[in-house]
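First comes the structure, then the notes that go with it.
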Amino acid sequence: MPTNIFGRSESAPAASCDMPDSAAGVLRRPDGSIVRPPARFQGRLGTESFPAEAGRYRLFVSWGCSWSNRAAITRKLKGLEDAVPISYSDDDPGALRAVWESMEPGHRAGVPTLWDTHNRVIVSNDADAISRDLAIHFDEFATRDIDLYPAELRADIDEINEWLYDNIHSVIHILGHEAREENHRDLVTDSLDALGKLDDRLAERPYLNGGVITESDVRLYVSLVRFECAFPGVLETNVLYPNGYPHLWAYARGLYAIPEFASTTNFEVIRRNFAVAFAFLREHQVVPGGRPSRWD
């Protein structure tokens, strides 16, 4: 169930068609609530098995993937470029494929993937865990002084992260699996409502949890980028455009103005990724509600 951080608690809407949930990275329970499948590899940095060591791990990400985009931004914000090398699967898919083949022959290779180069094993492909561990366990190697998960804000961060997952990150993918126009319109309405709540929240503070950037902002940023540049054409959400949410989109543009966010954002690849990865959605031929007319 979504949290009530914005004063409402209800199940996330369920899609009615039978497209495979794995394609969207989410599962739907019978009650309509949504859950992401557990990651195949769930090792944690900062443990006895995988201690924090500079140069030991390699991070595999994709420019187009919002889940791995989080890890790339976190790495940059912390200044871990030298401590944790990175590889983009868009540029060298063979390297990621080889890593997964060594562990799970024939298994689909996914991002983000954190690879232990010493023991030659995958540590984790859990986006939340990788980003969190880079944020809190590599301070001795960080060249930038930023705490994305400060102790005094952790309860608030955890709460809004859950709300973002249920109401922003996952629902937009479920939209793409919705074959019935009536349900599709309802889901769009719910998404617009969630964006409105965020807009109201950001009217009162510069960032989601107050005056400092936290991992919640990293999570929301990657979705806002895709709302603006990829979702309208691909997932038939063409009512979602930025000028309706002035505080939210001023916030998004403000984050993009930070070099660590901009340098890990590639709009062209994101658009191409969604156009190719979600091409199967076109078979539904949903006719979206559309933007208000600009011809009158």
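In the structure tokens, the first chain shown is A, the next is B, and so on; residue numbers restart at 1 for each chain, and ligands run from 1 in the order shown.
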Per-residue DSSP, stretch 77-166 of chain A, filtered to strand (DSSP E), as a short mmCIF file (atom, residue, chain, number, x, y, z; two decimals) with all heavy atoms, in the first residue's frame:
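Result went into states-v3.cif, see below:
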```cif
data_model
loop_
_atom_site.label_atom_id
_atom_site.label_comp_id
_atom_site.auth_asym_id
_atom_site.auth_seq_id
_atom_site.Cartn_x
_atom_site.Cartn_y
_atom_site.Cartn_z
N ILE A 86 32.95 2.84 -14.01
CA ILE A 86 31.61 2.63 -14.56
C ILE A 86 31.70 2.21 -16.02
O ILE A 86 32.61 2.62 -16.74
CB ILE A 86 30.77 3.92 -14.42
CG1 ILE A 86 29.27 3.64 -14.60
CG2 ILE A 86 31.24 5.00 -15.38
CD1 ILE A 86 28.38 4.82 -14.22
N SER A 87 30.75 1.37 -16.44
CA SER A 87 30.63 0.97 -17.84
C SER A 87 29.18 1.14 -18.26
O SER A 87 28.27 0.73 -17.54
CB SER A 87 31.05 -0.50 -18.03
OG SER A 87 32.43 -0.68 -17.82
N TYR A 88 28.98 1.74 -19.44
CA TYR A 88 27.64 1.91 -19.97
C TYR A 88 27.35 0.79 -20.97
O TYR A 88 28.06 0.64 -21.96
CB TYR A 88 27.50 3.28 -20.64
CG TYR A 88 27.25 4.39 -19.64
CD1 TYR A 88 28.31 5.05 -19.02
CD2 TYR A 88 25.95 4.74 -19.28
CE1 TYR A 88 28.09 6.04 -18.08
CE2 TYR A 88 25.72 5.74 -18.34
CZ TYR A 88 26.78 6.39 -17.75
OH TYR A 88 26.55 7.37 -16.82
N THR A 113 24.14 -3.28 -12.55
CA THR A 113 24.83 -4.46 -12.04
C THR A 113 26.14 -4.00 -11.41
O THR A 113 26.90 -3.23 -12.01
CB THR A 113 25.15 -5.45 -13.18
OG1 THR A 113 23.94 -6.01 -13.67
CG2 THR A 113 26.04 -6.59 -12.68
N LEU A 114 26.37 -4.47 -10.20
CA LEU A 114 27.63 -4.16 -9.51
C LEU A 114 28.48 -5.42 -9.51
O LEU A 114 28.07 -6.47 -9.00
CB LEU A 114 27.36 -3.70 -8.08
CG LEU A 114 28.57 -3.10 -7.34
CD1 LEU A 114 29.02 -1.81 -8.00
CD2 LEU A 114 28.23 -2.86 -5.87
N TRP A 115 29.68 -5.33 -10.08
CA TRP A 115 30.55 -6.47 -10.32
C TRP A 115 31.77 -6.38 -9.41
O TRP A 115 32.43 -5.35 -9.33
CB TRP A 115 30.97 -6.48 -11.78
CG TRP A 115 31.98 -7.48 -12.23
CD1 TRP A 115 33.26 -7.22 -12.65
CD2 TRP A 115 31.82 -8.90 -12.35
NE1 TRP A 115 33.89 -8.38 -13.03
CE2 TRP A 115 33.03 -9.43 -12.86
CE3 TRP A 115 30.75 -9.77 -12.09
CZ2 TRP A 115 33.20 -10.79 -13.09
CZ3 TRP A 115 30.93 -11.12 -12.33
CH2 TRP A 115 32.14 -11.62 -12.82
N ASP A 116 32.06 -7.45 -8.70
CA ASP A 116 33.26 -7.56 -7.87
C ASP A 116 34.40 -8.07 -8.76
O ASP A 116 34.42 -9.25 -9.11
CB ASP A 116 33.00 -8.52 -6.71
CG ASP A 116 34.19 -8.66 -5.76
OD1 ASP A 116 35.32 -8.27 -6.14
OD2 ASP A 116 33.99 -9.17 -4.65
N VAL A 121 32.47 -11.95 -9.25
CA VAL A 121 31.08 -12.32 -8.99
C VAL A 121 30.24 -11.05 -9.05
O VAL A 121 30.73 -9.94 -8.81
CB VAL A 121 30.89 -13.00 -7.63
CG1 VAL A 121 31.63 -14.33 -7.58
CG2 VAL A 121 31.34 -12.08 -6.49
N ILE A 122 28.96 -11.22 -9.37
CA ILE A 122 28.03 -10.10 -9.29
C ILE A 122 27.66 -9.89 -7.82
O ILE A 122 27.21 -10.82 -7.14
CB ILE A 122 26.76 -10.36 -10.12
CG1 ILE A 122 27.11 -10.39 -11.62
CG2 ILE A 122 25.70 -9.30 -9.84
CD1 ILE A 122 25.92 -10.73 -12.51
N VAL A 123 27.86 -8.67 -7.35
CA VAL A 123 27.47 -8.34 -5.98
C VAL A 123 25.96 -8.16 -5.91
O VAL A 123 25.28 -8.76 -5.08
CB VAL A 123 28.16 -7.04 -5.51
CG1 VAL A 123 27.71 -6.68 -4.10
CG2 VAL A 123 29.67 -7.17 -5.60
N SER A 124 25.43 -7.32 -6.82
CA SER A 124 24.02 -6.97 -6.74
C SER A 124 23.53 -6.43 -8.07
O SER A 124 24.30 -5.83 -8.83
CB SER A 124 23.81 -5.91 -5.65
OG SER A 124 22.46 -5.48 -5.60
#
```
Contact residues around A:Leu77 with only C-alpha atoms at 10 Å, ignoring same-chain residues under 4 positions, as a list in words
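Those residues are Ala71, Ala72, Ile73, Glu81, Ala135, Ala142, Thr143, Arg144, Asp145, Ile146, Asp147, Leu148, Ile213, Val218, Ile258, Pro259, Glu260 and Phe261 of chain A.
Between atom CA of A:Glu101 and atom CA of A:Asn266 lies a distance of 27.6 Å.
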Between atom CA of A:Asn209 and atom CA of A:Ile160, what is the distance in Å, rounded to a tenth?
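Computed distance, atom CA of A:Asn209 to atom CA of A:Ile160, equals 8.5 Å.
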Which residues, written as a tab-separated table (two decimals) with all heavy atoms, in the first residue's frame, have at least one atom at most 7 Å from A:Tyr149, with only C-alpha atoms counted and residues fewer than 3 positions away on the same chain left out?
```tsv
chain	number	residue	atom	x	y	z
A	154	ARG	N	16.25	9.99	7.69
A	154	ARG	CA	16.06	8.66	7.09
A	154	ARG	C	14.62	8.18	7.11
A	154	ARG	O	14.14	7.58	6.15
A	154	ARG	CB	17.00	7.64	7.76
A	154	ARG	CG	18.44	7.88	7.37
A	154	ARG	CD	19.41	6.88	7.95
A	154	ARG	NE	20.76	7.17	7.49
A	154	ARG	CZ	21.84	6.48	7.81
A	154	ARG	NH1	21.71	5.40	8.62
A	154	ARG	NH2	23.03	6.82	7.36
A	214	THR	N	18.65	14.78	-1.27
A	214	THR	CA	18.76	13.44	-0.72
A	214	THR	C	18.51	12.42	-1.83
A	214	THR	O	18.22	12.79	-2.98
A	214	THR	CB	17.73	13.21	0.41
A	214	THR	OG1	16.41	13.24	-0.15
A	214	THR	CG2	17.87	14.25	1.51
A	215	GLU	N	18.60	11.15	-1.49
A	215	GLU	CA	18.39	10.13	-2.51
A	215	GLU	C	16.96	10.18	-3.06
A	215	GLU	O	16.71	9.72	-4.18
A	215	GLU	CB	18.71	8.74	-1.97
A	215	GLU	CG	17.77	8.20	-0.93
A	215	GLU	CD	18.08	6.74	-0.59
A	215	GLU	OE1	19.25	6.35	-0.66
A	215	GLU	OE2	17.13	6.01	-0.24
```
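Minimum atom-to-atom distance to A:His169, evaluated using only C-alpha atoms, belongs to A:Phe227 out of A:Phe41, A:Phe50, A:Phe227, A:Tyr251.
If you look at atom CA of A:Leu153 and atom CA of A:Pro206, they are 15.2 Å away from each other.
Between A:Thr117 and the candidates A:Pro85, A:Gly43, A:Gly94, A:Pro150, the tightest atom-to-atom separation, counting only C-alpha atoms, involves A:Pro85.
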Choose the residue, out of A:Thr74, A:Ser89, A:Thr47, A:Ser66, that has the smallest atom-to-atom separation from A:Ile168; count only C-alpha atoms.
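When distances to A:Ile168 are compared using only C-alpha atoms, the smallest one comes from A:Ser66.
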Taking only C-alpha atoms into account, which of A:Ala95, A:Val84, A:Leu224, A:Ala262 comes nearest A:Trp249?
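The closest residue to A:Trp249 is A:Leu224.
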